[in-house]
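To keep things clear, I will list the structure first and then write my remarks on it.
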Amino acid sequence: MRLRDSLVCLSLLGAMSVPVRAAYACGPDFPIQLLENRAVTLSELPDSTFFYEAARFLPKPSDAFLVVEREEPEGARTGGGARETTLYEAGARAYHATRPEEAEARFREVLALPEGERRHFSTFAAFMLGRLTRMPESVTHYAEVRELARQGFADPLGLAVASLGEEAREYRELGEDAKAIQLYAEQAAHGSGSGATSLLFVARSLVRDEARLRRALQDPLAQRLLSTYAWTRGHEEVWSEEENPATPLPLAQLMDLLASVPGLAGADRLAATAWREGRFDLAERFAGQEHTPLDAWVRAKLAMRRGEPAVADQCLAEAGNGYPTTEDWQTDPYLPRLRPRMYVEAERSLLALMRDDFPGAADRALSSCSWPDIAYVAERVLSMEELRRFLATHAADPRLRCQPESAFYVEEGTPRPTVEDSLRPLIGRRLLRDGRGAEALEFFRNTPWEAPAWRYVASLERARSAWTNVDQARSLYDAARLARFTGMELLGTETAPDWAWVAGEFDMEALAEEEATQRIEKPLALAHLPLMSQAERERRRAHAPEHWVRFQYRLTAADLAEKAAGLVPPRSQAYASLLCQAARFSMRVEPERSERLWHTYVRHGAFLPNLPDSWFGQECPAPDFERARHAKSALSSPPLRKRTLAAVCGGLLVLGVGLAVLIRKRRMLVDQAAR
């Protein structure tokens, strides 16, 4: 394929290089939640992208050839010596004027110059001679381009890499597909997108010509190409079952043809394809033939299907160790990363949950660097003691410095938060929800929410130690406002029901249900497994927030405001205001509470003039605690526990005085009798 044509094709095919995956109807590109739909996570095996795999058919070459496939570098055609520049430009003019003999002569003259006089345009001239001649001479010139580049001759247009594709095209036209695949694979190994695109075109053409395909499959590299093509593109629309010679060989037939090849190169990819297509007998047959991370992953799936979770975990450990944490199958920079290590470790975390190994599940989730999954285990599964111990044990663990994918755009130059950056506030919020404020402050330290967390804890503490009802009500109201207006940051759940990891802007359960409706309907191989134990269910219930509604912290704010209202005189302005605020805080998440609070106000509260008709729960005046303090019903109204304490102390004081007087009188009588 010519360089220019390859670039056009590459741009057109960029969007086709990704595996089929259901997408949300709108919104950001959310990180996948692998512990959410467990049957899908365990049953499905992610597909890599063809372009990623094509670049790795051959080892990366030692030749550091330049790859130029976008804009031509500025000044690439300048800088040569006077004689070579004159000769090359004359040849280029003749070539564009369709005078091939004259062009060929000028280019040969360039190469005939002394080496010191043709350092810039030698690769240009040799490349153009390859274009102007026919095989076998053209192949010789393309090889010369690469040799010149190795010797240090200038190659500002990346012609050494491009020559591989040009030479491969010559072999393709002669029907020598194996040689063409070798050259295209070398081109792709240099990092050429054009080479990868050409390999895709070769694979597509081969599956449309069975005779040619059978000949090509005698070559191991061609076997790897076709098995990779089947694995990465199995859901393409081109896999048609129609009886039409223009359509490709159906996927099922291609798999059978690959399976008939002795010692198939790419057996791991065929096994993965067979698993995805539900042909488990074929997957069992080819799993284990190639010792690769992908092969171990397939063996893990098969072991789970056979009911051997311990074997599955061992295979997943083998696969995880084989995939670097940085490996990313996604080649489109505008799409989310596709990290196989993340998927493997999440599956290991899932298996640990299924056997009630909750600390182990947390450790595997940490290895996945998948924040939604780490957050689920940390917030819903681990006890608080286990969670604190986990954080202390992993204090020096580099995995805590992993930067998970974000659901939202992060400005260039701004680092994404690390797992530790997100985990500490999660623990702090959980402690605040559990009423352990003093402990929570440790986890908000050096975060943007340290000050409001301190004020929230201080307000609740003042409410507990207040000597009068009004002071207690004022402190509760201060805490209520903090709970309402900084509730997501102080009390929100990272996962359900608040979804703080997407800033509460989306209900991820609803979106997951929407995504499920878009999935291709097919049986899930491992849906029959017991995917959640009773112990995990009990922990989920025990660690859930008090109110199980989205934005549950608003109801916490309403609770505090309503409690404050009960501490001030019912006929006071503060009483009406606090009930109004409680209704306002709960209006959108629990409208029935707002109605109840309105009826409470009507029965017990005083009429407030100069307010609009629909003020209650909408436009609440600030509570006037000082007027409430001097109201008649508030003259002697310290909190009940403090009134009781004062009464007991007073009684003890009277009793003590009485006993002292009695003892003194008794001593006087004794003294008189003695006299």
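Every chain in the structure tokens takes a letter, A first, then B, and so on in the order presented; its residues are numbered from 1, and the ligands are numbered from 1 following the presented order.
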- Extract the full set of helix (DSSP H, G or I) residues from stretch 530-608 of chain A according to DSSP on the backbone, and format it as a PyMOL selection string. chain A and resi 534-542+553-565+573-586+591-604
Limited to N, CA and C atoms, could you put the picked residues into a file as a CSV table (one decimal), in the first residue's frame?
```csv
chain,number,residue,atom,x,y,z
A,534,GLN,N,-23.6,-14.6,51.5
A,534,GLN,CA,-24.4,-14.0,52.5
A,534,GLN,C,-23.7,-13.1,53.4
A,535,ALA,N,-22.4,-13.4,53.7
A,535,ALA,CA,-21.6,-12.5,54.6
A,535,ALA,C,-21.4,-11.2,53.9
A,536,GLU,N,-21.2,-11.1,52.6
A,536,GLU,CA,-21.0,-9.8,51.9
A,536,GLU,C,-22.3,-9.0,51.9
A,537,ARG,N,-23.4,-9.7,51.8
A,537,ARG,CA,-24.7,-9.0,51.8
A,537,ARG,C,-24.9,-8.4,53.2
A,538,GLU,N,-24.6,-9.1,54.2
A,538,GLU,CA,-24.8,-8.6,55.6
A,538,GLU,C,-23.9,-7.4,55.8
A,539,ARG,N,-22.7,-7.4,55.3
A,539,ARG,CA,-21.8,-6.3,55.5
A,539,ARG,C,-22.3,-5.1,54.7
A,540,ARG,N,-22.8,-5.3,53.5
A,540,ARG,CA,-23.4,-4.2,52.7
A,540,ARG,C,-24.5,-3.5,53.5
A,541,ARG,N,-25.3,-4.3,54.2
A,541,ARG,CA,-26.4,-3.7,55.0
A,541,ARG,C,-25.9,-3.0,56.2
A,542,ALA,N,-24.9,-3.6,56.8
A,542,ALA,CA,-24.3,-3.0,58.1
A,542,ALA,C,-23.6,-1.7,57.8
A,553,TYR,N,-27.4,12.6,52.5
A,553,TYR,CA,-26.9,13.6,53.5
A,553,TYR,C,-27.9,14.7,53.7
A,554,ARG,N,-28.7,15.0,52.7
A,554,ARG,CA,-29.8,16.0,52.9
A,554,ARG,C,-30.8,15.6,54.0
A,555,LEU,N,-31.0,14.3,54.1
A,555,LEU,CA,-31.9,13.9,55.1
A,555,LEU,C,-31.2,13.9,56.5
A,556,THR,N,-29.9,13.7,56.5
A,556,THR,CA,-29.2,14.0,57.8
A,556,THR,C,-29.3,15.4,58.2
A,557,ALA,N,-29.2,16.3,57.2
A,557,ALA,CA,-29.4,17.8,57.5
A,557,ALA,C,-30.8,18.0,58.0
A,558,ALA,N,-31.8,17.4,57.4
A,558,ALA,CA,-33.1,17.6,57.8
A,558,ALA,C,-33.4,17.1,59.2
A,559,ASP,N,-32.8,15.9,59.5
A,559,ASP,CA,-32.9,15.4,60.9
A,559,ASP,C,-32.3,16.3,61.9
A,560,LEU,N,-31.2,16.9,61.6
A,560,LEU,CA,-30.6,17.9,62.6
A,560,LEU,C,-31.4,19.1,62.7
A,561,ALA,N,-31.9,19.6,61.6
A,561,ALA,CA,-32.8,20.8,61.7
A,561,ALA,C,-34.1,20.5,62.5
A,562,GLU,N,-34.6,19.4,62.2
A,562,GLU,CA,-35.9,19.0,62.9
A,562,GLU,C,-35.6,18.8,64.4
A,563,LYS,N,-34.5,18.2,64.7
A,563,LYS,CA,-34.2,18.0,66.2
A,563,LYS,C,-34.0,19.4,66.8
A,564,ALA,N,-33.4,20.3,66.1
A,564,ALA,CA,-33.2,21.7,66.6
A,564,ALA,C,-34.5,22.4,66.9
A,565,ALA,N,-35.5,22.1,66.0
A,565,ALA,CA,-36.8,22.7,66.1
A,565,ALA,C,-37.5,22.3,67.4
A,573,GLN,N,-40.3,32.3,66.4
A,573,GLN,CA,-39.9,32.3,65.0
A,573,GLN,C,-38.9,31.3,64.6
A,574,ALA,N,-38.0,31.0,65.6
A,574,ALA,CA,-37.0,30.0,65.3
A,574,ALA,C,-37.6,28.6,65.0
A,575,TYR,N,-38.7,28.3,65.8
A,575,TYR,CA,-39.3,27.0,65.5
A,575,TYR,C,-39.8,26.9,64.1
A,576,ALA,N,-40.5,27.9,63.7
A,576,ALA,CA,-41.1,27.9,62.3
A,576,ALA,C,-39.9,27.8,61.3
A,577,SER,N,-38.9,28.6,61.5
A,577,SER,CA,-37.8,28.6,60.6
A,577,SER,C,-37.1,27.3,60.5
A,578,LEU,N,-36.9,26.7,61.6
A,578,LEU,CA,-36.1,25.4,61.6
A,578,LEU,C,-36.9,24.3,60.9
A,579,LEU,N,-38.3,24.3,61.2
A,579,LEU,CA,-39.1,23.3,60.5
A,579,LEU,C,-39.1,23.6,59.0
A,580,CYS,N,-39.1,24.9,58.6
A,580,CYS,CA,-39.0,25.2,57.2
A,580,CYS,C,-37.7,24.8,56.6
A,581,GLN,N,-36.6,25.0,57.3
A,581,GLN,CA,-35.3,24.5,56.8
A,581,GLN,C,-35.2,23.0,56.7
A,582,ALA,N,-35.8,22.3,57.6
A,582,ALA,CA,-35.8,20.8,57.5
A,582,ALA,C,-36.6,20.4,56.3
A,583,ALA,N,-37.7,21.0,56.0
A,583,ALA,CA,-38.5,20.7,54.9
A,583,ALA,C,-37.8,21.0,53.6
A,584,ARG,N,-37.1,22.2,53.6
A,584,ARG,CA,-36.3,22.6,52.4
A,584,ARG,C,-35.2,21.6,52.1
A,585,PHE,N,-34.5,21.1,53.2
A,585,PHE,CA,-33.4,20.2,53.0
A,585,PHE,C,-33.8,18.8,52.4
A,586,SER,N,-35.1,18.4,52.8
A,586,SER,CA,-35.5,17.1,52.4
A,586,SER,C,-36.5,17.1,51.2
A,591,PRO,N,-40.1,14.0,49.8
A,591,PRO,CA,-41.2,15.0,49.8
A,591,PRO,C,-42.2,14.8,50.8
A,592,GLU,N,-42.5,13.5,51.2
A,592,GLU,CA,-43.5,13.2,52.2
A,592,GLU,C,-43.1,13.8,53.6
A,593,ARG,N,-41.8,13.9,53.8
A,593,ARG,CA,-41.4,14.5,55.1
A,593,ARG,C,-41.7,16.0,55.1
A,594,SER,N,-41.5,16.7,53.9
A,594,SER,CA,-41.9,18.1,53.9
A,594,SER,C,-43.3,18.3,54.2
A,595,GLU,N,-44.2,17.5,53.7
A,595,GLU,CA,-45.6,17.6,54.0
A,595,GLU,C,-45.9,17.4,55.5
A,596,ARG,N,-45.2,16.4,56.1
A,596,ARG,CA,-45.4,16.2,57.5
A,596,ARG,C,-45.0,17.4,58.3
A,597,LEU,N,-43.8,17.9,58.0
A,597,LEU,CA,-43.3,19.1,58.7
A,597,LEU,C,-44.2,20.3,58.6
A,598,TRP,N,-44.9,20.5,57.4
A,598,TRP,CA,-45.8,21.6,57.2
A,598,TRP,C,-47.0,21.4,58.2
A,599,HIS,N,-47.5,20.2,58.3
A,599,HIS,CA,-48.7,20.0,59.2
A,599,HIS,C,-48.2,20.2,60.7
A,600,THR,N,-47.0,19.8,61.0
A,600,THR,CA,-46.5,20.0,62.4
A,600,THR,C,-46.4,21.5,62.7
A,601,TYR,N,-46.0,22.3,61.7
A,601,TYR,CA,-45.9,23.7,61.9
A,601,TYR,C,-47.3,24.3,62.0
A,602,VAL,N,-48.2,23.9,61.2
A,602,VAL,CA,-49.6,24.4,61.3
A,602,VAL,C,-50.2,24.1,62.7
A,603,ARG,N,-50.0,22.9,63.2
A,603,ARG,CA,-50.5,22.6,64.5
A,603,ARG,C,-49.9,23.3,65.7
A,604,HIS,N,-48.6,23.5,65.6
A,604,HIS,CA,-47.9,24.0,66.8
A,604,HIS,C,-47.2,25.4,66.6
```
Problem - Selection: 10 Å around stretch 251-262 of chain A, only C-alpha atoms, excl. self and same-chain fewer than 5 positions, as a ChimeraX atom specification - result: /A:207,210,213-214,217-218,220,223-224,226-227,230-231,233-235,238-241,267,270-271,273-274,277,279,282,285-286
Any chance you could tabulate, as a tab-separated table, the residues of stretch 348-451 of chain A at most 12 Å from stretch 473-495 of chain A with each one's nearest atom pair and distance in Å to one decimal, using only C-alpha atoms, in chain and rising number order?
```
residue	atom	partner	partner_atom	distance
A:Trp371	CA	A:Glu494	CA	9.8
A:Pro372	CA	A:Thr495	CA	7.3
A:Asp373	CA	A:Thr495	CA	9.2
A:Ile374	CA	A:Thr495	CA	10.1
A:Ala375	CA	A:Glu494	CA	6.5
A:Tyr376	CA	A:Thr495	CA	6.2
A:Val377	CA	A:Thr495	CA	9.8
A:Ala378	CA	A:Glu494	CA	9.5
A:Glu379	CA	A:Glu494	CA	7.4
A:Arg380	CA	A:Thr495	CA	8.4
A:Val381	CA	A:Thr495	CA	11.7
A:Ser422	CA	A:Glu494	CA	9.3
A:Leu423	CA	A:Glu494	CA	9.5
A:Arg424	CA	A:Glu494	CA	11.5
A:Pro425	CA	A:Glu489	CA	8.1
A:Leu426	CA	A:Glu494	CA	6.6
A:Ile427	CA	A:Glu494	CA	9.8
A:Gly428	CA	A:Leu490	CA	7.7
A:Arg429	CA	A:Leu491	CA	4.8
A:Arg430	CA	A:Leu491	CA	6.9
A:Leu431	CA	A:Leu491	CA	8.7
A:Leu432	CA	A:Leu491	CA	6.4
A:Arg433	CA	A:Leu491	CA	5.9
A:Asp434	CA	A:Leu491	CA	9.6
A:Gly435	CA	A:Leu491	CA	10.5
A:Arg436	CA	A:Leu491	CA	11.9
A:Gly437	CA	A:Leu490	CA	10.7
A:Ala440	CA	A:Leu490	CA	9.7
A:Leu441	CA	A:Leu490	CA	10.3
A:Phe443	CA	A:Leu490	CA	11.0
A:Phe444	CA	A:Leu490	CA	9.0
A:Thr447	CA	A:Glu489	CA	10.5
A:Pro448	CA	A:Glu489	CA	9.2
A:Trp449	CA	A:Glu489	CA	6.9
A:Glu450	CA	A:Leu490	CA	9.3
A:Ala451	CA	A:Leu490	CA	10.5
```
With C-alpha atoms kept, could you save the residues just selected as a PDB file, in the first residue's frame?
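Printed below is selection.pdb as written:
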```pdb
ATOM      1  CA  TRP A 371     -11.343   3.338  41.632  1.00  0.00           C
ATOM      2  CA  PRO A 372     -15.040   2.325  41.453  1.00  0.00           C
ATOM      3  CA  ASP A 373     -14.060  -1.198  42.518  1.00  0.00           C
ATOM      4  CA  ILE A 374     -11.603  -0.091  45.209  1.00  0.00           C
ATOM      5  CA  ALA A 375     -14.243   2.281  46.572  1.00  0.00           C
ATOM      6  CA  TYR A 376     -16.910  -0.438  46.680  1.00  0.00           C
ATOM      7  CA  VAL A 377     -14.765  -2.814  48.734  1.00  0.00           C
ATOM      8  CA  ALA A 378     -13.536  -0.043  51.024  1.00  0.00           C
ATOM      9  CA  GLU A 379     -16.933   1.517  51.651  1.00  0.00           C
ATOM     10  CA  ARG A 380     -19.420  -1.332  51.533  1.00  0.00           C
ATOM     11  CA  VAL A 381     -17.476  -4.482  52.451  1.00  0.00           C
ATOM     12  CA  SER A 422      -9.407   9.506  47.244  1.00  0.00           C
ATOM     13  CA  LEU A 423      -9.303   6.772  49.871  1.00  0.00           C
ATOM     14  CA  ARG A 424      -8.572   8.975  52.875  1.00  0.00           C
ATOM     15  CA  PRO A 425     -11.619  11.274  52.423  1.00  0.00           C
ATOM     16  CA  LEU A 426     -13.752   8.168  51.788  1.00  0.00           C
ATOM     17  CA  ILE A 427     -12.735   6.858  55.212  1.00  0.00           C
ATOM     18  CA  GLY A 428     -13.314  10.288  56.754  1.00  0.00           C
ATOM     19  CA  ARG A 429     -16.837  10.522  55.343  1.00  0.00           C
ATOM     20  CA  ARG A 430     -17.641   7.020  56.502  1.00  0.00           C
ATOM     21  CA  LEU A 431     -16.488   7.841  60.028  1.00  0.00           C
ATOM     22  CA  LEU A 432     -18.565  11.031  60.074  1.00  0.00           C
ATOM     23  CA  ARG A 433     -21.639   9.068  58.981  1.00  0.00           C
ATOM     24  CA  ASP A 434     -20.956   6.649  61.847  1.00  0.00           C
ATOM     25  CA  GLY A 435     -20.757   9.514  64.354  1.00  0.00           C
ATOM     26  CA  ARG A 436     -17.013   9.121  64.947  1.00  0.00           C
ATOM     27  CA  GLY A 437     -16.122  12.743  64.300  1.00  0.00           C
ATOM     28  CA  ALA A 440     -12.729  11.363  60.989  1.00  0.00           C
ATOM     29  CA  LEU A 441     -10.760  14.596  61.198  1.00  0.00           C
ATOM     30  CA  PHE A 443      -8.553  11.634  57.281  1.00  0.00           C
ATOM     31  CA  PHE A 444      -9.624  15.101  56.174  1.00  0.00           C
ATOM     32  CA  THR A 447      -7.633  18.194  52.008  1.00  0.00           C
ATOM     33  CA  PRO A 448      -9.899  21.016  50.762  1.00  0.00           C
ATOM     34  CA  TRP A 449     -12.560  19.778  53.205  1.00  0.00           C
ATOM     35  CA  GLU A 450     -10.493  19.907  56.387  1.00  0.00           C
ATOM     36  CA  ALA A 451     -12.013  23.186  57.613  1.00  0.00           C
TER      37      ALA A 451
END
```
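Interatomic distance, atom CA of A:Ile181 to atom CA of A:Gly288: 26.3 Å.
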Using only C-alpha atoms, the shortest atom-to-atom distance to A:Ala396 among A:Glu515, A:Leu58, A:Ser465, A:Glu420 belongs to A:Glu420
All residues 10 Å or closer to A:Ala361, only C-alpha atoms, same chain fewer than 5 positions away omitted, as a count of residues only: 20
Would you list the contacts of A:Arg464 as a PyMOL selection string, taking every protein, DNA or RNA residue within 10 Å and counting only C-alpha atoms, but skipping same-chain residues closer than 5 positions in sequence?
chain A and resi 458-459+471-472+475-476+639
Q. What does the distance from atom CA of A:Thr140 to atom CA of A:Ala82 come to in Å, to one decimal?
A.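 Separation of atom CA of A:Thr140 and atom CA of A:Ala82: 26.9 Å.
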